[in-house]
>>> print(open('final.cif').read())   # mmCIF, C-alpha atoms and all ligand atoms
data_upload
loop_
_atom_site.group_PDB
_atom_site.id
_atom_site.type_symbol
_atom_site.label_atom_id
_atom_site.label_comp_id
_atom_site.auth_asym_id
_atom_site.auth_seq_id
_atom_site.Cartn_x
_atom_site.Cartn_y
_atom_site.Cartn_z
ATOM 1 C CA MET A 1 -47.643 106.247 25.933
ATOM 2 C CA ARG A 2 -49.739 105.726 29.047
ATOM 3 C CA ARG A 3 -53.368 106.735 28.664
ATOM 4 C CA THR A 4 -54.568 109.059 31.403
ATOM 5 C CA LEU A 5 -56.918 107.580 33.986
ATOM 6 C CA ILE A 6 -59.289 109.722 36.029
ATOM 7 C CA ALA A 7 -60.705 107.702 38.923
ATOM 8 C CA GLY A 8 -63.437 108.969 41.218
ATOM 9 C CA ASN A 9 -63.390 107.756 44.815
ATOM 10 C CA TRP A 10 -66.842 108.507 46.157
ATOM 11 C CA LYS A 11 -65.824 107.285 49.625
ATOM 12 C CA MET A 12 -68.771 106.884 52.050
ATOM 13 C CA ASN A 13 -70.905 109.448 50.252
ATOM 14 C CA THR A 14 -74.144 109.479 48.234
ATOM 15 C CA ASP A 15 -77.317 107.516 48.822
ATOM 16 C CA HIS A 16 -78.830 105.065 46.361
ATOM 17 C CA ALA A 17 -80.729 107.642 44.313
ATOM 18 C CA SER A 18 -77.897 110.176 44.161
ATOM 19 C CA ALA A 19 -75.309 107.498 43.350
ATOM 20 C CA VAL A 20 -77.379 106.314 40.393
ATOM 21 C CA ALA A 21 -78.072 109.873 39.260
ATOM 22 C CA LEU A 22 -74.377 110.783 39.423
ATOM 23 C CA ALA A 23 -73.387 107.654 37.506
ATOM 24 C CA GLU A 24 -76.057 108.319 34.885
ATOM 25 C CA GLU A 25 -74.818 111.859 34.356
ATOM 26 C CA VAL A 26 -71.162 110.835 34.139
ATOM 27 C CA ALA A 27 -72.082 108.060 31.691
ATOM 28 C CA ALA A 28 -74.249 110.338 29.542
ATOM 29 C CA ARG A 29 -71.526 112.996 29.325
ATOM 30 C CA ALA A 30 -68.485 110.703 29.116
ATOM 31 C CA ALA A 31 -67.876 111.742 25.496
ATOM 32 C CA GLU A 32 -66.812 115.179 26.813
ATOM 33 C CA VAL A 33 -63.612 113.470 27.929
ATOM 34 C CA THR A 34 -61.565 112.377 24.947
ATOM 35 C CA ASN A 35 -58.067 111.978 26.373
ATOM 36 C CA ALA A 36 -58.684 109.908 29.480
ATOM 37 C CA ASP A 37 -60.246 106.725 30.747
ATOM 38 C CA LEU A 38 -62.897 107.277 33.404
ATOM 39 C CA LEU A 39 -63.547 105.133 36.447
ATOM 40 C CA VAL A 40 -65.965 105.601 39.341
ATOM 41 C CA CYS A 41 -65.692 103.825 42.682
ATOM 42 C CA PRO A 42 -68.992 104.087 44.602
ATOM 43 C CA PRO A 43 -69.689 102.638 48.049
ATOM 44 C CA SER A 44 -69.806 98.852 47.681
ATOM 45 C CA ILE A 45 -73.510 98.622 48.466
ATOM 46 C CA TYR A 46 -74.260 100.704 45.372
ATOM 47 C CA LEU A 47 -71.857 98.942 42.996
ATOM 48 C CA GLU A 48 -74.534 96.923 41.259
ATOM 49 C CA SER A 49 -76.893 99.851 40.699
ATOM 50 C CA VAL A 50 -74.084 102.141 39.586
ATOM 51 C CA GLY A 51 -72.841 99.418 37.248
ATOM 52 C CA LYS A 52 -76.296 99.271 35.649
ATOM 53 C CA ALA A 53 -76.323 103.049 35.282
ATOM 54 C CA LEU A 54 -72.929 102.914 33.544
ATOM 55 C CA ALA A 55 -73.856 100.051 31.208
ATOM 56 C CA GLY A 56 -73.066 100.805 27.588
ATOM 57 C CA SER A 57 -70.849 103.768 28.502
ATOM 58 C CA PRO A 58 -67.044 103.814 28.508
ATOM 59 C CA VAL A 59 -66.973 104.583 32.249
ATOM 60 C CA ALA A 60 -65.524 101.719 34.276
ATOM 61 C CA LEU A 61 -66.701 100.545 37.681
ATOM 62 C CA GLY A 62 -64.392 100.077 40.654
ATOM 63 C CA ALA A 63 -64.580 99.282 44.354
ATOM 64 C CA GLN A 64 -62.959 101.138 47.233
ATOM 65 C CA ASN A 65 -61.708 98.073 49.078
ATOM 66 C CA MET A 66 -61.992 94.298 49.287
ATOM 67 C CA TYR A 67 -60.837 91.421 51.433
ATOM 68 C CA ALA A 68 -57.930 89.236 50.365
ATOM 69 C CA GLU A 69 -59.603 85.865 50.938
ATOM 70 C CA ALA A 70 -61.768 84.120 48.353
ATOM 71 C CA LYS A 71 -64.638 83.155 50.692
ATOM 72 C CA GLY A 72 -65.494 81.970 54.157
ATOM 73 C CA ALA A 73 -66.112 83.195 57.665
ATOM 74 C CA PHE A 74 -65.146 86.850 57.240
ATOM 75 C CA THR A 75 -68.229 88.688 58.441
ATOM 76 C CA GLY A 76 -68.836 91.965 56.691
ATOM 77 C CA GLU A 77 -66.123 91.542 54.087
ATOM 78 C CA ILE A 78 -66.345 91.409 50.291
ATOM 79 C CA SER A 79 -64.282 89.034 48.159
ATOM 80 C CA PRO A 80 -62.510 89.804 44.880
ATOM 81 C CA ALA A 81 -64.833 87.408 43.029
ATOM 82 C CA MET A 82 -67.887 89.210 44.406
ATOM 83 C CA LEU A 83 -66.528 92.409 42.875
ATOM 84 C CA THR A 84 -65.915 90.894 39.449
ATOM 85 C CA ASP A 85 -69.293 89.178 39.663
ATOM 86 C CA ILE A 86 -70.978 92.555 39.997
ATOM 87 C CA GLY A 87 -68.997 94.037 37.090
ATOM 88 C CA ALA A 88 -66.198 95.842 38.909
ATOM 89 C CA GLU A 89 -62.943 96.048 36.986
ATOM 90 C CA CYS A 90 -60.763 97.857 39.498
ATOM 91 C CA VAL A 91 -60.298 98.152 43.231
ATOM 92 C CA ILE A 92 -58.628 100.867 45.301
ATOM 93 C CA LEU A 93 -56.268 99.303 47.844
ATOM 94 C CA GLY A 94 -54.436 100.817 50.789
ATOM 95 C CA HIS A 95 -56.119 104.216 50.643
ATOM 96 C CA SER A 96 -54.631 106.402 53.372
ATOM 97 C CA GLU A 97 -57.995 106.519 55.151
ATOM 98 C CA ARG A 98 -57.967 102.734 55.416
ATOM 99 C CA ARG A 99 -54.354 102.785 56.550
ATOM 100 C CA ALA A 100 -54.988 105.483 59.170
ATOM 101 C CA ILE A 101 -58.496 104.606 60.394
ATOM 102 C CA MET A 102 -58.627 100.829 59.917
ATOM 103 C CA GLY A 103 -54.926 100.275 60.568
ATOM 104 C CA GLU A 104 -54.325 98.598 57.234
ATOM 105 C CA THR A 105 -50.679 97.650 56.786
ATOM 106 C CA ASP A 106 -48.407 97.301 53.770
ATOM 107 C CA ALA A 107 -48.498 93.523 54.292
ATOM 108 C CA GLN A 108 -52.296 93.486 54.105
ATOM 109 C CA VAL A 109 -52.268 95.731 51.053
ATOM 110 C CA ASN A 110 -49.746 93.364 49.473
ATOM 111 C CA LYS A 111 -51.970 90.356 50.126
ATOM 112 C CA LYS A 112 -54.969 92.170 48.693
ATOM 113 C CA THR A 113 -52.942 93.203 45.645
ATOM 114 C CA PHE A 114 -52.207 89.572 44.791
ATOM 115 C CA ALA A 115 -55.813 88.555 45.435
ATOM 116 C CA ALA A 116 -57.090 91.330 43.176
ATOM 117 C CA LEU A 117 -54.663 90.481 40.373
ATOM 118 C CA GLU A 118 -55.581 86.814 40.619
ATOM 119 C CA ALA A 119 -59.268 87.706 40.284
ATOM 120 C CA GLY A 120 -58.582 89.861 37.218
ATOM 121 C CA LEU A 121 -59.186 93.161 38.990
ATOM 122 C CA VAL A 122 -56.908 96.142 38.433
ATOM 123 C CA PRO A 123 -55.598 97.170 41.855
ATOM 124 C CA ILE A 124 -55.041 100.885 42.419
ATOM 125 C CA VAL A 125 -52.428 100.742 45.150
ATOM 126 C CA CYS A 126 -52.191 103.940 47.193
ATOM 127 C CA VAL A 127 -49.075 105.327 48.837
ATOM 128 C CA GLY A 128 -48.452 108.713 50.435
ATOM 129 C CA GLU A 129 -46.664 110.503 53.218
ATOM 130 C CA GLN A 130 -48.123 112.379 56.166
ATOM 131 C CA LEU A 131 -47.414 116.055 56.722
ATOM 132 C CA GLU A 132 -44.931 115.454 59.560
ATOM 133 C CA GLN A 133 -43.063 112.973 57.419
ATOM 134 C CA ARG A 134 -42.789 115.486 54.572
ATOM 135 C CA GLU A 135 -41.696 118.228 56.949
ATOM 136 C CA ALA A 136 -39.048 115.908 58.392
ATOM 137 C CA GLY A 137 -37.672 115.271 54.901
ATOM 138 C CA LYS A 138 -38.816 111.654 54.955
ATOM 139 C CA THR A 139 -41.129 111.639 51.928
ATOM 140 C CA GLN A 140 -38.836 109.637 49.670
ATOM 141 C CA ALA A 141 -38.126 107.026 52.362
ATOM 142 C CA VAL A 142 -41.811 106.653 53.304
ATOM 143 C CA ILE A 143 -42.865 106.217 49.685
ATOM 144 C CA ALA A 144 -40.090 103.699 49.052
ATOM 145 C CA GLU A 145 -41.093 101.705 52.130
ATOM 146 C CA GLN A 146 -44.775 101.646 51.137
ATOM 147 C CA PHE A 147 -43.835 100.729 47.569
ATOM 148 C CA GLU A 148 -41.602 97.862 48.709
ATOM 149 C CA GLY A 149 -44.127 96.614 51.274
ATOM 150 C CA SER A 150 -47.331 96.962 49.295
ATOM 151 C CA LEU A 151 -45.861 95.630 46.065
ATOM 152 C CA ALA A 152 -43.518 93.001 47.517
ATOM 153 C CA ASP A 153 -42.989 90.040 45.182
ATOM 154 C CA VAL A 154 -45.177 91.476 42.422
ATOM 155 C CA THR A 155 -43.657 90.319 39.132
ATOM 156 C CA ALA A 156 -43.009 92.385 36.011
ATOM 157 C CA GLU A 157 -45.863 90.537 34.296
ATOM 158 C CA GLN A 158 -48.196 91.512 37.151
ATOM 159 C CA VAL A 159 -47.090 95.084 37.764
ATOM 160 C CA ILE A 160 -48.181 96.265 34.322
ATOM 161 C CA HIS A 161 -51.738 95.298 35.293
ATOM 162 C CA LEU A 162 -51.871 97.530 38.329
ATOM 163 C CA VAL A 163 -52.011 101.258 38.945
ATOM 164 C CA ILE A 164 -50.163 103.181 41.649
ATOM 165 C CA ALA A 165 -51.712 106.256 43.253
ATOM 166 C CA TYR A 166 -49.529 108.794 45.020
ATOM 167 C CA GLU A 167 -51.706 110.576 47.546
ATOM 168 C CA PRO A 168 -49.925 112.839 50.029
ATOM 169 C CA VAL A 169 -52.088 112.467 53.134
ATOM 170 C CA TRP A 170 -51.886 116.199 53.897
ATOM 171 C CA ALA A 171 -53.501 116.978 50.531
ATOM 172 C CA ILE A 172 -56.461 114.600 50.785
ATOM 173 C CA GLY A 173 -59.734 116.378 51.390
ATOM 174 C CA THR A 174 -57.909 119.408 52.757
ATOM 175 C CA GLY A 175 -57.985 121.688 49.735
ATOM 176 C CA LYS A 176 -54.172 121.766 49.967
ATOM 177 C CA VAL A 177 -52.886 120.436 46.688
ATOM 178 C CA ALA A 178 -49.306 119.386 46.120
ATOM 179 C CA THR A 179 -47.606 121.674 43.630
ATOM 180 C CA PRO A 180 -47.057 120.053 40.229
ATOM 181 C CA GLU A 181 -43.325 120.024 41.081
ATOM 182 C CA GLN A 182 -43.858 118.317 44.456
ATOM 183 C CA ALA A 183 -46.102 115.694 42.884
ATOM 184 C CA GLU A 184 -43.862 115.125 39.877
ATOM 185 C CA GLU A 185 -40.838 114.652 42.136
ATOM 186 C CA VAL A 186 -42.522 111.745 43.951
ATOM 187 C CA HIS A 187 -43.939 110.294 40.736
ATOM 188 C CA ALA A 188 -40.462 110.344 39.198
ATOM 189 C CA ASP A 189 -39.144 108.587 42.330
ATOM 190 C CA LEU A 190 -41.817 105.919 41.961
ATOM 191 C CA ARG A 191 -40.921 105.468 38.283
ATOM 192 C CA LYS A 192 -37.289 105.073 39.353
ATOM 193 C CA LEU A 193 -38.255 102.446 41.935
ATOM 194 C CA LEU A 194 -40.144 100.575 39.216
ATOM 195 C CA THR A 195 -37.189 100.852 36.834
ATOM 196 C CA GLU A 196 -34.740 99.625 39.455
ATOM 197 C CA ARG A 197 -36.887 96.691 40.469
ATOM 198 C CA TYR A 198 -38.026 95.691 36.960
ATOM 199 C CA ASN A 199 -36.671 97.567 33.949
ATOM 200 C CA ALA A 200 -37.324 100.815 32.087
ATOM 201 C CA GLU A 201 -39.717 99.233 29.595
ATOM 202 C CA THR A 202 -41.906 97.799 32.353
ATOM 203 C CA ALA A 203 -41.735 100.996 34.419
ATOM 204 C CA GLU A 204 -42.924 103.020 31.431
ATOM 205 C CA LYS A 205 -46.100 100.952 31.246
ATOM 206 C CA VAL A 206 -47.307 101.528 34.806
ATOM 207 C CA ARG A 207 -49.792 104.321 35.368
ATOM 208 C CA ILE A 208 -49.110 106.485 38.415
ATOM 209 C CA LEU A 209 -52.035 108.669 39.512
ATOM 210 C CA TYR A 210 -51.880 111.728 41.738
ATOM 211 C CA GLY A 211 -54.534 112.218 44.398
ATOM 212 C CA GLY A 212 -55.111 115.081 46.808
ATOM 213 C CA SER A 213 -57.588 117.917 46.251
ATOM 214 C CA VAL A 214 -57.557 117.639 42.463
ATOM 215 C CA LYS A 215 -60.085 120.045 40.958
ATOM 216 C CA PRO A 216 -60.811 121.225 37.402
ATOM 217 C CA GLY A 217 -58.778 124.347 38.127
ATOM 218 C CA ASN A 218 -55.548 122.592 39.084
ATOM 219 C CA ALA A 219 -55.861 119.425 37.003
ATOM 220 C CA SER A 220 -54.221 120.457 33.746
ATOM 221 C CA GLU A 221 -50.998 121.609 35.419
ATOM 222 C CA LEU A 222 -50.776 118.380 37.401
ATOM 223 C CA LEU A 223 -51.717 116.146 34.481
ATOM 224 C CA SER A 224 -49.187 117.809 32.184
ATOM 225 C CA GLN A 225 -46.300 116.528 34.320
ATOM 226 C CA PRO A 226 -44.399 113.741 32.541
ATOM 227 C CA ASN A 227 -44.879 111.110 35.256
ATOM 228 C CA ILE A 228 -48.427 111.980 36.317
ATOM 229 C CA ASP A 229 -50.697 109.625 34.428
ATOM 230 C CA GLY A 230 -54.016 110.561 35.899
ATOM 231 C CA ALA A 231 -55.819 111.460 39.082
ATOM 232 C CA LEU A 232 -57.557 109.756 41.952
ATOM 233 C CA VAL A 233 -60.260 112.228 42.838
ATOM 234 C CA GLY A 234 -62.248 112.325 46.059
ATOM 235 C CA GLY A 235 -64.441 115.353 46.737
ATOM 236 C CA ALA A 236 -64.546 116.636 43.173
ATOM 237 C CA SER A 237 -65.735 113.262 41.864
ATOM 238 C CA LEU A 238 -69.100 113.797 43.558
ATOM 239 C CA GLN A 239 -70.083 116.465 41.022
ATOM 240 C CA ALA A 240 -70.280 115.360 37.399
ATOM 241 C CA ASP A 241 -69.194 118.822 36.192
ATOM 242 C CA ASP A 242 -66.047 118.755 38.302
ATOM 243 C CA PHE A 243 -65.192 115.131 37.581
ATOM 244 C CA LEU A 244 -65.640 115.538 33.835
ATOM 245 C CA GLY A 245 -63.853 118.891 33.976
ATOM 246 C CA ILE A 246 -60.833 117.121 35.444
ATOM 247 C CA GLY A 247 -61.076 114.483 32.718
ATOM 248 C CA SER A 248 -61.191 117.205 30.063
ATOM 249 C CA ALA A 249 -57.929 118.616 31.416
ATOM 250 C CA ALA A 250 -56.046 115.440 30.500
ATOM 251 C CA LYS A 251 -53.113 115.823 28.165
ATOM 252 C CA THR A 252 -53.349 114.243 24.732
ATOM 253 C CA ASP A 253 -51.911 110.756 24.282
HETATM 254 C C1 LIG A 301 -59.012 110.609 47.754
HETATM 255 O O1 LIG A 301 -59.930 110.305 48.480
HETATM 256 O O2 LIG A 301 -58.344 109.687 47.255
HETATM 257 C C2 LIG A 301 -58.749 112.022 47.505
HETATM 258 C C3 LIG A 301 -57.693 112.342 46.796
HETATM 259 O O3 LIG A 301 -59.633 112.923 48.013
HETATM 260 P P1 LIG A 301 -59.736 114.509 47.640
HETATM 261 O O4 LIG A 301 -59.705 114.605 46.137
HETATM 262 O O5 LIG A 301 -61.040 114.944 48.211
HETATM 263 O O6 LIG A 301 -58.560 115.182 48.251
#
>>> encode(input="final.cif", output="C-alpha cells")
Amino acid sequence: MRRTLIAGNWKMNTDHASAVALAEEVAARAAEVTNADLLVCPPSIYLESVGKALAGSPVALGAQNMYAEAKGAFTGEISPAMLTDIGAECVILGHSERRAIMGETDAQVNKKTFAALEAGLVPIVCVGEQLEQREAGKTQAVIAEQFEGSLADVTAEQVIHLVIAYEPVWAIGTGKVATPEQAEEVHADLRKLLTERYNAETAEKVRILYGGSVKPGNASELLSQPNIDGALVGGASLQADDFLGIGSAAKTD
C-alpha cells in the first residue's frame, strides 16, 4: 500500500519570518495527521531556516526546483548537492509554472530527474494538460508525452524512488478543481503507463499526487480515489489549518 503524501508548494510566497512561523506551526501540529507523510517546499532562500524549524518533526523539507549540473558557472542556479547539504529530501521538478513561464521542457525535466535521483533527492515530477488540450480531447496524449519525455530512460529501480504529480494546469490556483473522476481517470492512465513500461509490481509502488486547488473541503473525495496517493498543494499550503486539514483527510493505509 502506498502511504499518502501531502506536499506543500509555497511557491514565491512568505517572507523569512512568516516562512519560519508557518513551518513551526506545521511541525508542532504534525501529529494531527496520522495517515499521511507531510512535506513542505519553501522558496529556496528560506530552505535552511525552514529546515531548522522542522527539525525533530516528521515533516520533510523539499525544494521547488534545482539545476541539473553538479557545479560550475551557472549563475543564479542551485545544485542538487546544495539541496541535500541544506537538508532537503525532495525536489519538485517540471511544475507547470516553470514549464509555462520559464519554458522548461520535458528534456530538461528529464535531465533534472536523473540529477536529483543521483543526489539522493526524491523528484516530484509534474505533468498536466492545459484547458484547451483537455477541451480538444488531448489530455491522455499530452500526459503520455510528458510522462515519456520527463521520465525517459528512468529504470524500474529508479522510478520507485520518485513521485509523479498530476496537475491539470486549468486547476492550479484557479479554484477550479478536477472532479475526483477526472483526476482518477488520469491517475489510472499514469499507472497504466508505468505498468506498460515497467511491470505491475513496480507501478504499484509509485506515488501519484493530484494537484490543483486542493482544499480541506475537497481533499477526502480526491484522496479516496484508488490511484490518488496524495496531493501537491499550492495556495492551501500557506495556512497551517488548511494544509493539516488536507493531511487529516487522507485515507487510512
Ligand atoms: C501547485 O502549485 O502545485 C498547486 C496545485 O497550486 P494550487 O493548490 O494553489 O492550485
>>> closest_atom_pairs(input="final.cif", of="chain A", to="ligand LIG 301 (chain A)", cutoff="9 Å", atoms="all atoms listed in the file", output="tab-separated table")
residue	atom	partner	partner_atom	distance
A:Ala7	CA	A:LIG301	O2	8.9
A:Gly8	CA	A:LIG301	O2	7.9
A:Asn9	CA	A:LIG301	O1	5.6
A:Trp10	CA	A:LIG301	O1	7.5
A:Lys11	CA	A:LIG301	O1	6.7
A:His95	CA	A:LIG301	O2	6.8
A:Ser96	CA	A:LIG301	O2	7.9
A:Glu97	CA	A:LIG301	O1	7.9
A:Cys126	CA	A:LIG301	O2	8.4
A:Ala165	CA	A:LIG301	O2	8.5
A:Glu167	CA	A:LIG301	C3	6.3
A:Pro168	CA	A:LIG301	C3	8.4
A:Val169	CA	A:LIG301	C3	8.5
A:Trp170	CA	A:LIG301	O6	8.8
A:Ala171	CA	A:LIG301	O6	5.8
A:Ile172	CA	A:LIG301	O6	3.3
A:Gly173	CA	A:LIG301	O6	3.6
A:Thr174	CA	A:LIG301	O6	6.2
A:Gly175	CA	A:LIG301	O6	6.7
A:Lys176	CA	A:LIG301	O6	8.1
A:Val177	CA	A:LIG301	O6	7.9
A:Tyr210	CA	A:LIG301	C3	7.7
A:Gly211	CA	A:LIG301	C3	4.0
A:Gly212	CA	A:LIG301	O6	3.7
A:Ser213	CA	A:LIG301	O6	3.5
A:Val214	CA	A:LIG301	O4	5.2
A:Lys215	CA	A:LIG301	O4	7.5
A:Ala231	CA	A:LIG301	C3	8.0
A:Leu232	CA	A:LIG301	O2	5.4
A:Val233	CA	A:LIG301	O4	4.1
A:Gly234	CA	A:LIG301	O3	3.3
A:Gly235	CA	A:LIG301	O5	3.7
A:Ala236	CA	A:LIG301	O4	6.0
A:Ser237	CA	A:LIG301	O4	7.5
>>> resolve_selection(input="final.cif", expression="the PyMOL selection byres (((chain A and resi 60) around 7) and not hetatm)", output="MDAnalysis selection string")
chainID A and resid 38:40 58:59 61:62 89
>>> resolve_selection(input="final.cif", expression="the PyMOL selection byres (((chain A and resi 67) around 6) and not hetatm)", output="ChimeraX atom specification")
/A:66,68-69,77-79
>>> atom_distance(input="final.cif", atom1="atom CA of Pro123 of chain A", atom2="atom CA of Leu209 of chain A")
12.3 Å
>>> closest_residue(input="final.cif", among="A:Leu151, A:Ala36, A:Ile86, A:Ala141", to="Thr105 of chain A", atoms="all atoms listed in the file")
A:Leu151
>>> axis_aligned_box(input="final.cif", around="segment 75-94 of chain A", padding_each_side="4 Å", output="JSON")
{"center_x": -62.7, "center_y": 94.1, "center_z": 47.7, "size_x": 24.5, "size_y": 21.5, "size_z": 29.5}
>>> atom_distance(input="final.cif", atom1="atom CA of Asn13 of chain A", atom2="atom CA of Leu54 of chain A")
18.1 Å
>>> atom_distance(input="final.cif", atom1="atom CA of Ala81 of chain A", atom2="atom CA of Lys112 of chain A")
12.3 Å
>>> resolve_selection(input="final.cif", expression="the PyMOL selection byres (((chain A and resi 230) around 12) and not hetatm)", output="count of residues only")
51
>>> residues_around(input="final.cif", residues="Ala53 of chain A", least_positions_apart="2", cutoff="7 Å", atoms="all atoms listed in the file", output="PyMOL selection string")
chain A and resi 20+23-24+49-51+55
>>> write_last_selection(input="final.cif", atoms="C-alpha atoms", output="CSV table (one decimal), keeping the file's coordinate frame")
chain,number,residue,atom,x,y,z
A,20,VAL,CA,-77.4,106.3,40.4
A,23,ALA,CA,-73.4,107.7,37.5
A,24,GLU,CA,-76.1,108.3,34.9
A,49,SER,CA,-76.9,99.9,40.7
A,50,VAL,CA,-74.1,102.1,39.6
A,51,GLY,CA,-72.8,99.4,37.2
A,55,ALA,CA,-73.9,100.1,31.2
>>> closest_residue(input="final.cif", among="A:Leu244, A:Leu194, A:Leu238, A:Met82", to="Asp15 of chain A", atoms="only C-alpha atoms")
A:Leu238
>>> closest_residue(input="final.cif", among="A:His161, A:Arg98, A:Lys111, A:Arg197", to="Ala144 of chain A", atoms="all atoms listed in the file")
A:Arg197
>>> build_atoms(input="final.cif", residues="segment 22-35 of chain A", atoms="N, CA, C and O atoms", output="PDB file, in the frame of the given file")
ATOM      1  N   LEU A  22     -75.740 110.330  39.749  1.00  0.00           N
ATOM      2  CA  LEU A  22     -74.377 110.783  39.423  1.00  0.00           C
ATOM      3  C   LEU A  22     -73.767 109.889  38.341  1.00  0.00           C
ATOM      4  O   LEU A  22     -73.179 110.375  37.369  1.00  0.00           O
ATOM      5  N   ALA A  23     -73.934 108.588  38.499  1.00  0.00           N
ATOM      6  CA  ALA A  23     -73.387 107.654  37.506  1.00  0.00           C
ATOM      7  C   ALA A  23     -74.046 107.878  36.149  1.00  0.00           C
ATOM      8  O   ALA A  23     -73.372 107.857  35.107  1.00  0.00           O
ATOM      9  N   GLU A  24     -75.355 108.097  36.159  1.00  0.00           N
ATOM     10  CA  GLU A  24     -76.057 108.319  34.885  1.00  0.00           C
ATOM     11  C   GLU A  24     -75.536 109.574  34.185  1.00  0.00           C
ATOM     12  O   GLU A  24     -75.339 109.586  32.973  1.00  0.00           O
ATOM     13  N   GLU A  25     -75.294 110.619  34.982  1.00  0.00           N
ATOM     14  CA  GLU A  25     -74.818 111.859  34.356  1.00  0.00           C
ATOM     15  C   GLU A  25     -73.401 111.696  33.815  1.00  0.00           C
ATOM     16  O   GLU A  25     -73.093 112.138  32.705  1.00  0.00           O
ATOM     17  N   VAL A  26     -72.540 111.052  34.603  1.00  0.00           N
ATOM     18  CA  VAL A  26     -71.162 110.835  34.139  1.00  0.00           C
ATOM     19  C   VAL A  26     -71.178 109.986  32.871  1.00  0.00           C
ATOM     20  O   VAL A  26     -70.470 110.266  31.897  1.00  0.00           O
ATOM     21  N   ALA A  27     -72.008 108.942  32.866  1.00  0.00           N
ATOM     22  CA  ALA A  27     -72.082 108.060  31.691  1.00  0.00           C
ATOM     23  C   ALA A  27     -72.594 108.830  30.471  1.00  0.00           C
ATOM     24  O   ALA A  27     -72.039 108.720  29.371  1.00  0.00           O
ATOM     25  N   ALA A  28     -73.637 109.623  30.673  1.00  0.00           N
ATOM     26  CA  ALA A  28     -74.249 110.338  29.542  1.00  0.00           C
ATOM     27  C   ALA A  28     -73.298 111.372  28.945  1.00  0.00           C
ATOM     28  O   ALA A  28     -73.346 111.656  27.750  1.00  0.00           O
ATOM     29  N   ARG A  29     -72.420 111.923  29.804  1.00  0.00           N
ATOM     30  CA  ARG A  29     -71.526 112.996  29.325  1.00  0.00           C
ATOM     31  C   ARG A  29     -70.093 112.531  29.136  1.00  0.00           C
ATOM     32  O   ARG A  29     -69.182 113.360  28.963  1.00  0.00           O
ATOM     33  N   ALA A  30     -69.862 111.221  29.175  1.00  0.00           N
ATOM     34  CA  ALA A  30     -68.485 110.703  29.116  1.00  0.00           C
ATOM     35  C   ALA A  30     -67.756 111.131  27.836  1.00  0.00           C
ATOM     36  O   ALA A  30     -66.523 111.270  27.838  1.00  0.00           O
ATOM     37  N   ALA A  31     -68.509 111.362  26.763  1.00  0.00           N
ATOM     38  CA  ALA A  31     -67.876 111.742  25.496  1.00  0.00           C
ATOM     39  C   ALA A  31     -67.194 113.102  25.579  1.00  0.00           C
ATOM     40  O   ALA A  31     -66.375 113.452  24.722  1.00  0.00           O
ATOM     41  N   GLU A  32     -67.507 113.886  26.630  1.00  0.00           N
ATOM     42  CA  GLU A  32     -66.812 115.179  26.813  1.00  0.00           C
ATOM     43  C   GLU A  32     -65.332 114.957  27.094  1.00  0.00           C
ATOM     44  O   GLU A  32     -64.518 115.863  26.956  1.00  0.00           O
ATOM     45  N   VAL A  33     -65.008 113.772  27.564  1.00  0.00           N
ATOM     46  CA  VAL A  33     -63.612 113.470  27.929  1.00  0.00           C
ATOM     47  C   VAL A  33     -63.020 112.577  26.837  1.00  0.00           C
ATOM     48  O   VAL A  33     -63.402 111.425  26.699  1.00  0.00           O
ATOM     49  N   THR A  34     -62.099 113.148  26.082  1.00  0.00           N
ATOM     50  CA  THR A  34     -61.565 112.377  24.947  1.00  0.00           C
ATOM     51  C   THR A  34     -60.175 111.817  25.220  1.00  0.00           C
ATOM     52  O   THR A  34     -59.760 110.868  24.560  1.00  0.00           O
ATOM     53  N   ASN A  35     -59.464 112.392  26.180  1.00  0.00           N
ATOM     54  CA  ASN A  35     -58.067 111.978  26.373  1.00  0.00           C
ATOM     55  C   ASN A  35     -57.828 111.190  27.651  1.00  0.00           C
ATOM     56  O   ASN A  35     -56.685 111.101  28.112  1.00  0.00           O
TER      57      ASN A  35
END
